Every structure is written in structure tokens, then in C-alpha cells.
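Printed here is upload-v4.cif (mmCIF, C-alpha atoms):
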```
data_coords
loop_
_atom_site.label_atom_id
_atom_site.label_comp_id
_atom_site.auth_asym_id
_atom_site.auth_seq_id
_atom_site.Cartn_x
_atom_site.Cartn_y
_atom_site.Cartn_z
CA MET A 1 24.44 -6.22 2.35
CA ASN A 2 27.79 -4.92 3.56
CA GLN A 3 28.89 -7.05 6.53
CA GLN A 4 30.76 -4.24 8.31
CA GLN A 5 28.63 -1.10 8.14
CA GLU A 6 26.12 -0.57 10.96
CA LEU A 7 22.41 -0.90 10.29
CA VAL A 8 19.93 1.86 11.14
CA GLU A 9 16.23 1.52 11.87
CA ILE A 10 14.22 2.72 8.88
CA GLY A 11 10.79 1.52 9.94
CA ARG A 12 8.73 0.00 12.73
CA GLY A 13 5.32 -1.61 12.61
CA ASN A 14 3.14 -4.07 14.47
CA CYS A 15 5.07 -7.03 13.14
CA GLY A 16 8.62 -5.83 13.66
CA SER A 17 11.35 -3.28 13.17
CA VAL A 18 13.11 -2.78 9.82
CA TRP A 19 16.86 -2.20 9.50
CA ALA A 20 19.11 -1.32 6.60
CA ARG A 21 22.46 0.14 5.72
CA ARG A 22 22.64 3.90 6.27
CA LEU A 23 22.32 5.96 3.12
CA SER A 24 24.69 8.81 2.45
CA GLU A 25 23.27 12.32 2.36
CA VAL A 26 23.86 12.28 -1.37
CA ASP A 27 21.54 9.36 -1.97
CA ASP A 28 20.24 9.79 -5.50
CA ASP A 29 21.95 6.48 -6.24
CA ASP A 30 21.45 4.02 -3.37
CA SER A 31 22.51 0.93 -5.31
CA ASN A 32 24.81 -0.14 -2.46
CA SER A 33 21.86 -0.56 -0.09
CA LYS A 34 19.58 -3.07 -1.75
CA THR A 35 18.23 -5.12 1.16
CA VAL A 36 16.51 -4.74 4.53
CA ILE A 37 16.25 -6.93 7.62
CA LYS A 38 12.82 -7.11 9.25
CA ARG A 39 12.98 -8.44 12.83
CA GLU A 40 10.11 -10.11 14.68
CA ASP A 41 10.51 -7.94 17.78
CA CYS A 42 7.27 -5.98 18.23
CA ASN A 43 3.83 -7.58 18.51
CA ARG A 44 3.75 -11.19 19.73
CA ASN A 45 0.49 -11.74 17.86
CA ARG A 46 2.15 -11.01 14.52
CA SER A 47 4.24 -13.63 12.76
CA ILE A 48 7.26 -13.07 10.54
CA THR A 49 7.02 -16.70 9.50
CA LYS A 50 3.48 -16.18 8.24
CA GLU A 51 4.47 -13.00 6.41
CA TYR A 52 7.30 -14.82 4.66
CA ASP A 53 4.99 -17.67 3.62
CA VAL A 54 2.27 -15.34 2.28
CA HIS A 55 4.82 -13.11 0.55
CA ARG A 56 6.39 -16.10 -1.21
CA HIS A 57 2.94 -17.41 -2.16
CA ILE A 58 1.99 -14.06 -3.72
CA LEU A 59 5.25 -13.91 -5.66
CA ALA A 60 4.73 -17.48 -6.92
CA ARG A 61 1.19 -16.70 -8.08
CA LEU A 62 2.43 -13.51 -9.75
CA ALA A 63 5.06 -15.44 -11.68
CA ALA A 64 2.46 -18.00 -12.78
CA ALA A 65 -0.05 -15.32 -13.76
CA THR A 66 2.54 -13.42 -15.77
CA MET A 67 3.32 -16.56 -17.74
CA ALA A 68 -0.33 -17.46 -18.31
CA SER A 69 -1.92 -14.04 -18.93
CA ARG A 70 -2.70 -12.71 -22.37
CA SER A 71 -0.21 -10.13 -23.61
CA ASP A 72 -2.96 -7.48 -23.67
CA SER A 73 -4.30 -8.19 -20.18
CA ASN A 74 -4.28 -5.53 -17.46
CA LEU A 75 -1.87 -7.61 -15.38
CA ILE A 76 0.66 -7.21 -18.20
CA THR A 77 -0.13 -3.81 -19.72
CA GLY A 78 -1.51 -1.94 -16.69
CA TYR A 79 0.29 0.59 -14.52
CA GLN A 80 3.29 -0.95 -12.81
CA VAL A 81 3.18 -2.07 -9.17
CA ASN A 82 6.42 -3.50 -7.78
CA ILE A 83 6.51 -6.16 -5.06
CA PRO A 84 9.76 -6.46 -3.08
CA THR A 85 11.62 -9.71 -3.56
CA ALA A 86 11.48 -12.00 -0.51
CA ILE A 87 15.13 -13.04 -0.30
CA SER A 88 15.34 -15.31 2.74
CA PHE A 89 13.98 -16.27 6.15
CA ILE A 90 16.42 -16.00 9.06
CA ALA A 91 15.71 -18.30 12.02
CA SER A 92 16.57 -17.21 15.55
CA THR A 93 19.21 -19.98 15.60
CA SER A 94 20.75 -19.00 12.25
CA PRO A 95 24.55 -18.51 12.17
CA LYS A 96 23.84 -15.31 10.20
CA TRP A 97 23.21 -13.52 13.51
CA ALA A 98 26.92 -13.73 14.27
CA LEU A 99 27.42 -11.26 11.41
CA LEU A 100 24.24 -9.23 11.93
CA LEU A 101 24.28 -8.57 15.67
CA PRO A 102 27.52 -6.50 15.67
CA ARG A 103 25.80 -4.15 13.23
CA LEU A 104 22.73 -3.66 15.46
CA PRO A 105 22.32 -1.93 18.87
CA LYS A 106 24.16 -3.64 21.73
CA ASP A 107 21.16 -5.07 23.59
CA PHE A 108 19.70 -6.82 20.53
CA LYS A 109 19.35 -10.61 20.51
CA PRO A 110 18.75 -13.12 17.73
CA CYS A 111 15.13 -13.56 16.64
CA LYS A 112 13.18 -14.60 13.58
CA ALA A 113 13.72 -12.16 10.72
CA LEU A 114 13.28 -11.62 7.00
CA LYS A 115 15.70 -10.39 4.41
CA ASN A 116 13.86 -8.52 1.67
CA GLU A 117 14.57 -6.21 -1.22
CA ARG A 118 14.76 -2.60 -0.09
CA ILE A 119 12.28 -0.13 -1.58
CA PRO A 120 14.29 2.90 -2.77
CA GLN A 121 13.15 6.02 -0.94
CA MET A 122 11.92 9.15 -2.69
CA GLN A 123 14.51 11.49 -4.16
CA GLN A 124 15.71 14.46 -2.16
CA HIS A 125 13.83 16.96 -4.34
CA VAL A 126 10.56 15.14 -3.51
CA ARG A 127 11.34 15.18 0.20
CA GLN A 128 12.08 18.89 -0.01
CA LEU A 129 8.83 19.50 -1.89
CA LEU A 130 6.74 17.64 0.72
CA ALA A 131 8.43 19.44 3.59
CA GLN A 132 8.06 22.89 2.08
CA LYS A 133 4.50 22.31 0.91
CA PHE A 134 2.93 20.51 3.82
CA CYS A 135 5.11 20.80 6.94
CA GLY A 136 4.62 23.84 9.13
CA THR A 137 1.77 26.08 10.15
CA GLY A 138 -1.53 24.61 9.02
CA GLY A 139 0.16 22.00 6.88
CA HIS A 140 0.84 24.40 4.00
CA GLY A 141 4.38 25.50 4.75
CA GLY A 142 4.66 28.79 6.55
CA PHE A 143 7.88 27.93 8.39
CA GLN A 144 8.36 29.90 11.58
CA GLY A 145 11.76 30.56 13.11
CA GLU A 146 15.29 29.46 12.40
CA ASN A 147 15.03 26.30 14.51
CA PHE A 148 12.07 25.03 12.50
CA THR A 149 13.81 25.73 9.22
CA ALA A 150 16.94 23.95 10.45
CA GLY A 151 14.88 20.94 11.50
CA LEU A 152 13.15 20.89 8.16
CA LEU A 153 16.40 20.93 6.21
CA ASP A 154 17.87 18.24 8.45
CA ALA A 155 14.85 15.98 7.89
CA VAL A 156 15.07 16.44 4.12
CA ARG A 157 18.80 15.71 4.06
CA THR A 158 19.03 12.80 6.52
CA GLU A 159 15.78 10.85 6.07
CA GLN A 160 16.52 7.19 5.39
CA ASN A 161 13.13 5.89 4.32
CA CYS A 162 10.83 8.48 2.73
CA LEU A 163 8.07 6.36 1.23
CA VAL A 164 4.82 8.15 0.33
CA ARG A 165 1.53 6.49 1.34
CA PRO A 166 -1.12 7.60 -1.20
CA SER A 167 -4.56 7.78 0.46
CA LEU A 168 -7.07 7.93 -2.39
CA GLY A 169 -9.88 7.30 0.10
CA ARG A 170 -9.24 10.19 2.48
CA ARG A 171 -9.03 13.94 2.40
CA ARG A 172 -7.63 16.05 5.20
CA LEU A 173 -10.28 17.28 7.59
CA PRO A 174 -10.83 21.05 7.73
CA ARG A 175 -9.52 22.71 10.89
CA ALA A 176 -10.95 25.74 12.62
CA ARG A 177 -7.45 26.92 13.46
CA PRO A 178 -4.05 25.96 12.02
CA ARG A 179 -1.80 23.72 14.02
CA ILE A 180 1.93 23.80 14.46
CA ILE A 181 3.61 20.46 13.82
CA PRO A 182 6.25 20.11 16.53
CA ALA A 183 8.25 17.38 14.84
CA ILE A 184 9.12 16.83 11.22
CA SER A 185 9.12 13.34 9.77
CA LEU A 186 9.11 12.30 6.13
CA ARG A 187 9.13 8.57 6.89
CA ASN A 188 6.08 6.74 5.52
CA TYR A 189 4.61 10.11 4.63
CA PRO A 190 0.78 10.08 4.33
CA LEU A 191 -0.42 11.93 1.24
CA HIS A 192 -4.15 12.55 1.28
CA LEU A 193 -6.33 12.83 -1.80
CA ASP A 194 -6.59 16.63 -1.65
CA GLN A 195 -2.79 16.85 -1.43
CA ILE A 196 -2.43 14.50 -4.41
CA GLU A 197 -4.76 16.79 -6.36
CA GLU A 198 -2.93 19.92 -5.19
CA LEU A 199 0.38 18.49 -6.43
CA GLY A 200 -1.16 17.46 -9.76
CA LEU A 201 -0.21 13.80 -9.30
CA PRO A 202 -1.93 11.14 -11.46
CA LYS A 203 -4.63 9.95 -9.04
CA GLN A 204 -6.56 8.00 -11.69
CA GLN A 205 -3.42 6.08 -12.65
CA TYR A 206 -2.83 5.24 -8.98
CA ALA A 207 -6.45 4.06 -8.68
CA LEU A 208 -6.16 1.80 -11.73
CA ALA A 209 -2.91 0.31 -10.41
CA MET A 210 -4.55 -0.42 -7.05
CA ALA A 211 -7.60 -1.96 -8.75
CA ASP A 212 -5.43 -4.33 -10.81
CA THR A 213 -3.48 -5.28 -7.69
CA LEU A 214 -6.56 -5.98 -5.59
CA ALA A 215 -8.08 -8.08 -8.38
CA PHE A 216 -4.83 -10.05 -8.59
CA LEU A 217 -4.73 -10.62 -4.83
CA HIS A 218 -8.36 -11.76 -4.67
CA TRP A 219 -8.65 -13.99 -7.73
CA GLU A 220 -5.12 -15.09 -8.61
CA ALA A 221 -3.35 -15.22 -5.24
CA GLU A 222 -6.68 -15.89 -3.47
CA VAL A 223 -5.83 -13.86 -0.35
CA ASP A 224 -8.02 -11.32 1.44
CA ALA A 225 -5.48 -8.44 1.11
CA ARG A 226 -5.96 -7.43 4.74
CA ASP A 227 -3.66 -4.60 5.83
CA VAL A 228 -1.49 -4.61 2.72
CA GLU A 229 0.18 -1.27 2.04
CA PHE A 230 0.78 0.76 -1.09
CA VAL A 231 3.61 3.28 -1.24
CA LEU A 232 5.06 5.57 -3.88
CA ALA A 233 8.82 5.42 -4.23
CA ARG A 234 11.59 5.40 -6.79
CA PRO A 235 11.67 2.71 -9.48
CA ARG A 236 14.12 -0.16 -9.25
CA HIS A 237 17.54 0.27 -10.74
CA GLN A 238 17.38 -0.53 -14.41
CA ALA A 239 19.78 -3.46 -14.16
CA SER A 240 17.43 -5.45 -11.89
CA ALA A 241 14.06 -4.16 -13.06
CA SER A 242 13.45 -6.64 -15.88
CA SER A 243 13.81 -9.74 -13.70
CA SER A 244 12.12 -8.44 -10.53
CA PRO A 245 8.48 -9.08 -9.51
CA CYS A 246 5.86 -6.56 -10.60
CA LEU A 247 2.33 -6.29 -11.93
CA GLY A 248 1.84 -4.30 -15.10
CA SER A 249 4.49 -2.57 -17.17
CA LYS A 250 3.25 0.96 -17.85
CA PRO A 251 4.99 3.70 -15.84
CA VAL A 252 2.86 6.32 -14.12
CA ASP A 253 3.18 9.89 -15.32
CA SER A 254 6.73 11.03 -14.54
CA GLU A 255 6.48 14.57 -15.91
CA GLY A 256 4.92 15.97 -12.74
CA VAL A 257 6.51 17.26 -9.54
CA PHE A 258 7.59 13.81 -8.32
CA GLY A 259 9.46 12.88 -11.47
CA PRO A 260 10.02 9.14 -12.13
CA HIS A 261 8.29 7.06 -9.46
CA VAL A 262 6.36 3.83 -9.10
CA MET A 263 3.86 2.18 -6.79
CA TRP A 264 5.02 -0.63 -4.48
CA LEU A 265 2.98 -3.24 -2.58
CA LEU A 266 4.19 -4.55 0.79
CA ASP A 267 3.28 -5.95 4.25
CA PHE A 268 1.49 -9.28 3.98
CA ASP A 269 1.56 -10.59 7.56
CA CYS A 270 -2.19 -10.04 8.14
CA CYS A 271 -3.31 -11.62 4.86
CA LYS A 272 -5.26 -14.87 4.96
CA ARG A 273 -6.07 -17.34 2.23
CA LEU A 274 -9.62 -17.10 0.90
CA ALA A 275 -11.90 -20.13 0.72
CA MET A 276 -13.56 -19.67 -2.65
CA PRO A 277 -17.29 -20.49 -2.66
CA GLY A 278 -16.91 -22.14 -6.06
CA ALA A 279 -14.40 -24.57 -4.56
CA MET A 280 -17.22 -26.46 -2.80
CA ASN A 281 -18.16 -29.89 -4.06
CA ASP A 282 -20.54 -29.41 -6.99
CA ASP A 283 -22.40 -32.55 -5.90
CA ASP A 284 -23.29 -30.88 -2.60
CA ASP A 285 -26.99 -30.01 -2.96
CA ASP A 286 -27.18 -28.12 0.33
CA ASP A 287 -28.12 -24.68 -1.05
CA ASP A 288 -28.21 -23.09 2.41
CA LYS A 289 -24.62 -24.16 3.01
CA LYS A 290 -23.53 -22.70 -0.33
CA ILE A 291 -25.26 -19.38 0.42
CA GLN A 292 -23.67 -19.20 3.87
CA THR A 293 -20.25 -19.86 2.37
CA GLU A 294 -20.68 -17.10 -0.21
CA VAL A 295 -21.97 -14.59 2.34
CA ALA A 296 -19.03 -15.33 4.66
CA PHE A 297 -16.64 -14.85 1.74
CA LEU A 298 -18.15 -11.51 0.74
CA ASP A 299 -18.29 -10.28 4.34
CA ARG A 300 -14.61 -11.11 4.78
CA VAL A 301 -13.45 -9.34 1.63
CA ALA A 302 -15.56 -6.23 2.32
CA PHE A 303 -14.33 -6.07 5.92
CA CYS A 304 -10.68 -6.26 4.84
CA PHE A 305 -11.21 -3.58 2.19
CA LEU A 306 -12.91 -1.06 4.45
CA ARG A 307 -10.75 -1.73 7.51
CA ASN A 308 -7.52 -1.21 5.65
CA ASP A 309 -5.84 2.18 5.66
CA PRO A 310 -7.63 4.28 3.01
CA PHE A 311 -5.29 3.62 0.09
CA TYR A 312 -8.18 2.63 -2.20
CA PRO A 313 -10.85 5.09 -3.33
CA ARG A 314 -13.97 4.84 -1.17
CA PRO A 315 -17.62 4.51 -2.20
CA PRO A 316 -19.91 7.40 -1.20
CA PRO A 317 -20.78 7.60 2.53
CA PRO A 318 -24.37 7.18 3.77
CA GLY A 319 -26.65 10.03 2.73
CA TYR A 320 -24.39 11.35 0.00
CA ASP A 321 -26.30 12.51 -3.09
CA THR A 322 -24.34 10.97 -5.95
CA HIS A 323 -26.41 12.87 -8.52
CA ASN A 324 -26.04 16.39 -7.14
CA GLY A 325 -22.97 15.89 -4.93
CA ASP A 326 -22.36 17.41 -1.53
CA GLY A 327 -18.96 18.83 -2.44
CA ASP A 328 -17.50 20.75 -5.33
CA GLY A 329 -14.31 18.72 -5.62
CA ASN A 330 -12.21 21.78 -4.76
CA SER A 331 -9.88 20.87 -1.90
CA SER A 332 -7.58 23.88 -1.86
CA ASN A 333 -9.03 25.17 1.42
CA ASN A 334 -8.49 21.96 3.38
CA GLU A 335 -6.02 22.27 6.21
CA ASN A 336 -3.62 19.62 7.35
CA GLY A 337 -5.74 17.39 9.57
CA SER A 338 -5.75 14.14 11.45
CA HIS A 339 -5.96 10.69 9.95
CA GLY A 340 -9.60 10.49 11.02
CA THR A 341 -12.54 9.16 9.05
CA VAL A 342 -14.10 10.80 6.03
CA SER A 343 -17.39 12.55 6.73
CA LYS A 344 -20.09 13.23 4.16
CA SER A 345 -19.08 16.89 4.06
CA ASN A 346 -15.51 15.86 3.25
CA TYR A 347 -16.47 13.63 0.32
CA HIS A 348 -16.50 15.36 -3.05
CA SER A 349 -18.10 14.73 -6.41
CA ALA A 350 -14.64 14.00 -7.81
CA ASP A 351 -14.35 11.15 -5.28
CA VAL A 352 -17.43 9.46 -6.74
CA LEU A 353 -15.82 9.47 -10.18
CA LEU A 354 -12.57 8.07 -8.78
CA TRP A 355 -14.46 5.28 -7.01
CA GLU A 356 -16.34 4.42 -10.21
CA LYS A 357 -13.05 4.27 -12.16
CA PHE A 358 -11.55 1.99 -9.51
CA LYS A 359 -14.62 -0.25 -9.42
CA GLU A 360 -14.84 -0.53 -13.22
CA ARG A 361 -11.16 -1.47 -13.50
CA TYR A 362 -11.36 -3.99 -10.63
CA LEU A 363 -14.27 -5.75 -12.35
CA GLU A 364 -12.52 -5.71 -15.73
CA THR A 365 -9.27 -7.17 -14.42
CA SER A 366 -11.09 -9.70 -12.25
CA GLU A 367 -13.03 -10.90 -15.28
CA GLU A 368 -9.80 -11.30 -17.26
CA ILE A 369 -8.23 -13.38 -14.48
CA LEU A 370 -11.23 -15.64 -13.87
CA GLU A 371 -11.92 -16.13 -17.58
CA GLY A 372 -8.28 -17.05 -18.12
CA LYS A 373 -8.49 -19.63 -15.33
CA GLY A 374 -11.67 -21.13 -16.80
CA LYS A 375 -13.72 -20.52 -13.68
CA GLU A 376 -17.40 -21.41 -13.58
CA GLU A 377 -20.11 -18.77 -13.76
CA MET A 378 -20.71 -18.79 -9.99
CA VAL A 379 -17.15 -17.69 -9.31
CA ARG A 380 -17.11 -15.18 -12.19
CA GLU A 381 -20.07 -13.42 -10.58
CA LEU A 382 -18.18 -12.89 -7.33
CA PRO A 383 -16.21 -9.70 -8.22
CA GLY A 384 -19.46 -7.83 -8.87
CA LYS A 385 -20.86 -9.12 -5.60
CA VAL A 386 -17.67 -8.03 -3.82
CA MET A 387 -18.12 -4.45 -5.04
CA ASP A 388 -21.81 -4.51 -4.10
CA MET A 389 -20.98 -5.79 -0.61
CA ILE A 390 -18.36 -3.07 -0.11
CA GLU A 391 -20.88 -0.39 -1.08
CA LYS A 392 -23.64 -1.86 1.09
CA THR A 393 -21.31 -2.29 4.07
CA ARG A 394 -20.17 1.32 3.70
CA GLU A 395 -23.80 2.44 3.72
CA ARG A 396 -24.60 0.32 6.77
CA ILE A 397 -21.71 1.20 9.05
CA GLY A 398 -20.99 4.74 7.90
CA SER A 399 -17.64 6.48 7.58
CA ILE A 400 -14.57 4.25 7.73
#
```

Using C-alpha cells, write down the structure that the file contains.
Amino acid sequence: MNQQQELVEIGRGNCGSVWARRLSEVDDDDSNSKTVIKREDCNRNRSITKEYDVHRHILARLAAATMASRSDSNLITGYQVNIPTAISFIASTSPKWALLLPRLPKDFKPCKALKNERIPQMQQHVRQLLAQKFCGTGGHGGFQGENFTAGLLDAVRTEQNCLVRPSLGRRRLPRARPRIIPAISLRNYPLHLDQIEELGLPKQQYALAMADTLAFLHWEAEVDARDVEFVLARPRHQASASSSPCLGSKPVDSEGVFGPHVMWLLDFDCCKRLAMPGAMNDDDDDDDKKIQTEVAFLDRVAFCFLRNDPFYPRPPPPGYDTHNGDGDGNSSNNENGSHGTVSKSNYHSADVLLWEKFKERYLETSEEILEGKGKEEMVRELPGKVMDMIEKTRERIGSI
């Protein structure tokens, strides 16, 4: 990271703010801005230290799994999911702040921070497409007035961190009347399932990539995957791609409107290690204790799945007729809506098929991982029980 150029804020979450070198307006090649600094300056209940530890643990397990997996396994041959490299932890007392603080706003003070690989933002033609297609009256373009058009063009040209958040588990809610979006932002842009379909993007490939990733997190890294995020962005630069951490190797379809892009996995500060039921002492003959341990495990995994942002496909909501379907799968009339929950009337027959594809792939990849690790039958039955618990919890508590 250049020691002289100022840093700009490119993101802010519950754990902290994210800073990086400013990109030029002609940013199709951002190879000079490869890292970000994430400061622990937001929520006191979130820990940068914990995020760094979990991130490093996941990367270590990924490296081990890549070495141990069969060459034809989904973790090797599946659709690629990049994980940013965790470069270093910066303590609040680190001498590095003497170089960093002059590049940050004047009132900033040293704090705990992380230095990570930067995820390359979407190309300008993608930003322009999203703005023209979904920003404006009713979320389908329809720009009104010179000021709005000027703001749109400025957002497309100057955005520093356009990462697309694919929500395979949510469609936009229909609106009785169109709304005018007063501000234009392409940062961490939410792309709902109906928008993904409208753009002709490869939703099934995204679902398979997410399924492989979740199976890896549960059974190889043994973490609950709480609040992890998936984003679509540009691939790594070719020079660093071969030695950088990723699951899978197959690129998603690049012939569509987005062109070459890849899925990335990030944000691990809420993840917790899972206590595997099969890790109990086999000599322990307390069956009630074993059952309680398994139920607690399944409850935890289902809770984390359903409480996460709706990146993953969702099982049908309560009362949905999976045989006849309550929707026709045609989403072209949906208006740009809130990030609210999915109702039965907003769940389509196509969503059932996407969930079944995701579930099937999760079970397949989980079986590959657990078989490769030589796990006992009790543990190898858990992925199926996880999917059952997710479906039953969805039925019990309704739309999430």
C-alpha cells in the first residue's frame, strides 16, 4: 500500500470501517490498490482480533483441505469462491500507525486493525448497467431530470467499492406505487433473485458455489458460518490468482452482462467454532446427553443459516404448495422493494428448484468432506439432519 496517498472509506459495518487507496476514475486495472485496512472503530461488541483469528483458521483449513481432497472433489472442481488473504493484524500500539494516521482523517487515533487483500470492485460497465437498470423510478430506470442523471453518472464514475451482494433467497416485494430513490449508491449493491433472473445471470452456478462453501465451513473449518457474506466482484489479477486462497476452480459464466466475475466470501467476526456431536467420548453411555448435544448443534447451524442475510436459496415458506406452486416464477412485474422478508406470495416455483439444487449440492460436498476425513456414521448423518432442521425451522417460525 502506497505510504503517501490518502486512504478513503470504502465500507462500514458493525465491526469497523474499511479504508483503501483511492481508485482513479479509469479503474479497469486497479493493481496498485491491492490491500485494505479494517479498523475496529464501530461496535464495541465486535472484535477485530476474533475476526482475524477465525479468518486465519478458515484459510488454514482451506489450505489443508485443498491438499487432502481428491482431484475430482467439489472443493477442487466446483465453481470458484475467493477468500481474501488475511495479511496482518495491526495492534493499537503498532509503529505502523505513524505511517497510517497521516493518510486518514485528522481526528483518527490508533486502534486495532486488520490488513487484508482488497476485493476488486465491479467494472464500470457493470456499475453503469446496475444504475441504468435498477436506479430511478420504481427501481427500473426511468431517470427523471438532469440532476438525477448527473448524480447517476457521478456514482458510476466515482464509486470506490461496488461489490454486488447476490440474494438468492429474496425477491423484491411488489409495490402499489413506484418510489423515487433520493440517493444513488452502488456500494455493496443488493441484487435480489428476480433481478438476477432479469439480467440472465447464472443463479444455479451461484447456488452451487454457496453450497460448496457452506459445506466447507461446516465440516472442514467447523464453524457455524454466522453472518458471513458473499459478494460478486472481479477476479483476482492473473499474476496472483494461482497462489491465492479459493474454493473450486471453475469460473462462473462470463458471457453474460457482467462479463468475467467471481464470487468472494468475507466477514468472519461473528463466526463461532462448532462443537461436533461426534467429538464426544465414545465411551460415554449417556444417550440423553448425546441427543441434547446433537439437537443444540443442529439448532445452532439452522439459526445461523436462517438469520444470515438471504444469500443462500431458501426452503419454501409455511403453507407453500410445493407440488402446485403459488407463483409462476415470472418476476418481471416486481418493483424495487425493501429488504423485507419473503412472503408466501413472493416465493415462486423456480425458488423451490433452486433450493433443491442447493440442498443436493450441500449434501454431496458434505459427504465428500466427511468421507475423506474418515468420520464415523453418526457425523456423516449430520448434513442431512442440518438440511432437515433448516426446513423444519423455516416451517415453524415462518418467513425469515

Could you pull the residues within 8 Å of Ala207 (chain A), counting all atoms listed in the file, minus those fewer than 6 positions along the same chain, as a ChimeraX atom specification? /A:168,312-313,354,357-358

To one decimal place in Å, what is the distance between CA of Leu363 (chain A) and CA of Gln205 (chain A)?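 Atom-to-atom, CA of Leu363 (chain A) to CA of Gln205 (chain A), that is 16.1 Å.
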
Using all atoms listed in the file, determine which residues lie at most 8 Å from Leu191 (chain A), disregarding the query and same-chain residues fewer than 4 positions distant; provide the list as a short mmCIF file (atom, residue, chain, number, x, y, z; two decimals) with C-alpha atoms, keeping the file's coordinate frame.
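Writing done, so here's result.cif:
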```
data_model
loop_
_atom_site.label_atom_id
_atom_site.label_comp_id
_atom_site.auth_asym_id
_atom_site.auth_seq_id
_atom_site.Cartn_x
_atom_site.Cartn_y
_atom_site.Cartn_z
CA VAL A 164 4.82 8.15 0.33
CA ARG A 165 1.53 6.49 1.34
CA PRO A 166 -1.12 7.60 -1.20
CA SER A 167 -4.56 7.78 0.46
CA GLN A 195 -2.79 16.85 -1.43
CA ILE A 196 -2.43 14.50 -4.41
#
```

Once the PyMOL selection byres ((chain A and resi 265-271) around 8) has been evaluated on this model, what residues remain selected, and can you format them as a PyMOL selection string? chain A and resi 15+46-48+50-52+54-55+81-84+223-231+263-264+272-273

I would like the residues chosen by the PyMOL selection byres ((chain A and resi 127) around 9) on the shown file; could you give them as a VMD selection string? chain A and resid 122 to 126 128 to 132 155 to 157 159 162 186

Who sits within 8 Å of Pro277 (chain A), all atoms listed in the file, same chain under 6 positions skipped, as JSON, numbers by chain: {"A": [290, 293, 294, 297, 379]}

Residue nearest Lys106 (chain A) - candidates A:Tyr189, A:His218, A:Ala20, A:Glu6, atoms counted: all atoms listed in the file: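 Checking each candidate against Lys106 (chain A), we get A:Glu6 as the closest.
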
Explicit residue set for the PyMOL selection byres ((chain A and resi 78-80) around 12), as a PDB file with C-alpha atoms, in the frame of the given file:
```
ATOM      1  CA  SER A  71      -0.210 -10.130 -23.610  1.00  0.00           C
ATOM      2  CA  ASP A  72      -2.960  -7.480 -23.670  1.00  0.00           C
ATOM      3  CA  SER A  73      -4.300  -8.190 -20.180  1.00  0.00           C
ATOM      4  CA  ASN A  74      -4.280  -5.530 -17.460  1.00  0.00           C
ATOM      5  CA  LEU A  75      -1.870  -7.610 -15.380  1.00  0.00           C
ATOM      6  CA  ILE A  76       0.660  -7.210 -18.200  1.00  0.00           C
ATOM      7  CA  THR A  77      -0.130  -3.810 -19.720  1.00  0.00           C
ATOM      8  CA  VAL A  81       3.180  -2.070  -9.170  1.00  0.00           C
ATOM      9  CA  ASN A  82       6.420  -3.500  -7.780  1.00  0.00           C
ATOM     10  CA  ILE A  83       6.510  -6.160  -5.060  1.00  0.00           C
ATOM     11  CA  PRO A 202      -1.930  11.140 -11.460  1.00  0.00           C
ATOM     12  CA  LYS A 203      -4.630   9.950  -9.040  1.00  0.00           C
ATOM     13  CA  GLN A 204      -6.560   8.000 -11.690  1.00  0.00           C
ATOM     14  CA  GLN A 205      -3.420   6.080 -12.650  1.00  0.00           C
ATOM     15  CA  TYR A 206      -2.830   5.240  -8.980  1.00  0.00           C
ATOM     16  CA  ALA A 207      -6.450   4.060  -8.680  1.00  0.00           C
ATOM     17  CA  LEU A 208      -6.160   1.800 -11.730  1.00  0.00           C
ATOM     18  CA  ALA A 209      -2.910   0.310 -10.410  1.00  0.00           C
ATOM     19  CA  MET A 210      -4.550  -0.420  -7.050  1.00  0.00           C
ATOM     20  CA  ALA A 211      -7.600  -1.960  -8.750  1.00  0.00           C
ATOM     21  CA  ASP A 212      -5.430  -4.330 -10.810  1.00  0.00           C
ATOM     22  CA  THR A 213      -3.480  -5.280  -7.690  1.00  0.00           C
ATOM     23  CA  PHE A 216      -4.830 -10.050  -8.590  1.00  0.00           C
ATOM     24  CA  LEU A 232       5.060   5.570  -3.880  1.00  0.00           C
ATOM     25  CA  PRO A 235      11.670   2.710  -9.480  1.00  0.00           C
ATOM     26  CA  ARG A 236      14.120  -0.160  -9.250  1.00  0.00           C
ATOM     27  CA  ALA A 241      14.060  -4.160 -13.060  1.00  0.00           C
ATOM     28  CA  SER A 244      12.120  -8.440 -10.530  1.00  0.00           C
ATOM     29  CA  PRO A 245       8.480  -9.080  -9.510  1.00  0.00           C
ATOM     30  CA  CYS A 246       5.860  -6.560 -10.600  1.00  0.00           C
ATOM     31  CA  LEU A 247       2.330  -6.290 -11.930  1.00  0.00           C
ATOM     32  CA  GLY A 248       1.840  -4.300 -15.100  1.00  0.00           C
ATOM     33  CA  SER A 249       4.490  -2.570 -17.170  1.00  0.00           C
ATOM     34  CA  LYS A 250       3.250   0.960 -17.850  1.00  0.00           C
ATOM     35  CA  PRO A 251       4.990   3.700 -15.840  1.00  0.00           C
ATOM     36  CA  VAL A 252       2.860   6.320 -14.120  1.00  0.00           C
ATOM     37  CA  ASP A 253       3.180   9.890 -15.320  1.00  0.00           C
ATOM     38  CA  HIS A 261       8.290   7.060  -9.460  1.00  0.00           C
ATOM     39  CA  VAL A 262       6.360   3.830  -9.100  1.00  0.00           C
ATOM     40  CA  MET A 263       3.860   2.180  -6.790  1.00  0.00           C
ATOM     41  CA  TRP A 264       5.020  -0.630  -4.480  1.00  0.00           C
ATOM     42  CA  LEU A 265       2.980  -3.240  -2.580  1.00  0.00           C
ATOM     43  CA  ARG A 361     -11.160  -1.470 -13.500  1.00  0.00           C
ATOM     44  CA  TYR A 362     -11.360  -3.990 -10.630  1.00  0.00           C
ATOM     45  CA  GLU A 364     -12.520  -5.710 -15.730  1.00  0.00           C
ATOM     46  CA  THR A 365      -9.270  -7.170 -14.420  1.00  0.00           C
TER      47      THR A 365
END
```

Between A:Pro110, A:Pro95, A:Pro383, A:Pro102, which is the closest to Leu214 (chain A) once you count only C-alpha atoms? A:Pro383

Of the listed residues A:Gln238, A:Ser243, A:Asn14, A:Thr393, that which approaches Cys304 (chain A) most closely, counting all atoms listed in the file: A:Thr393

Take CA of Lys38 (chain A) and CA of Glu222 (chain A) and report the distance between them in Å, one decimal.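 We find that CA of Lys38 (chain A) and CA of Glu222 (chain A) lie 24.9 Å from each other.
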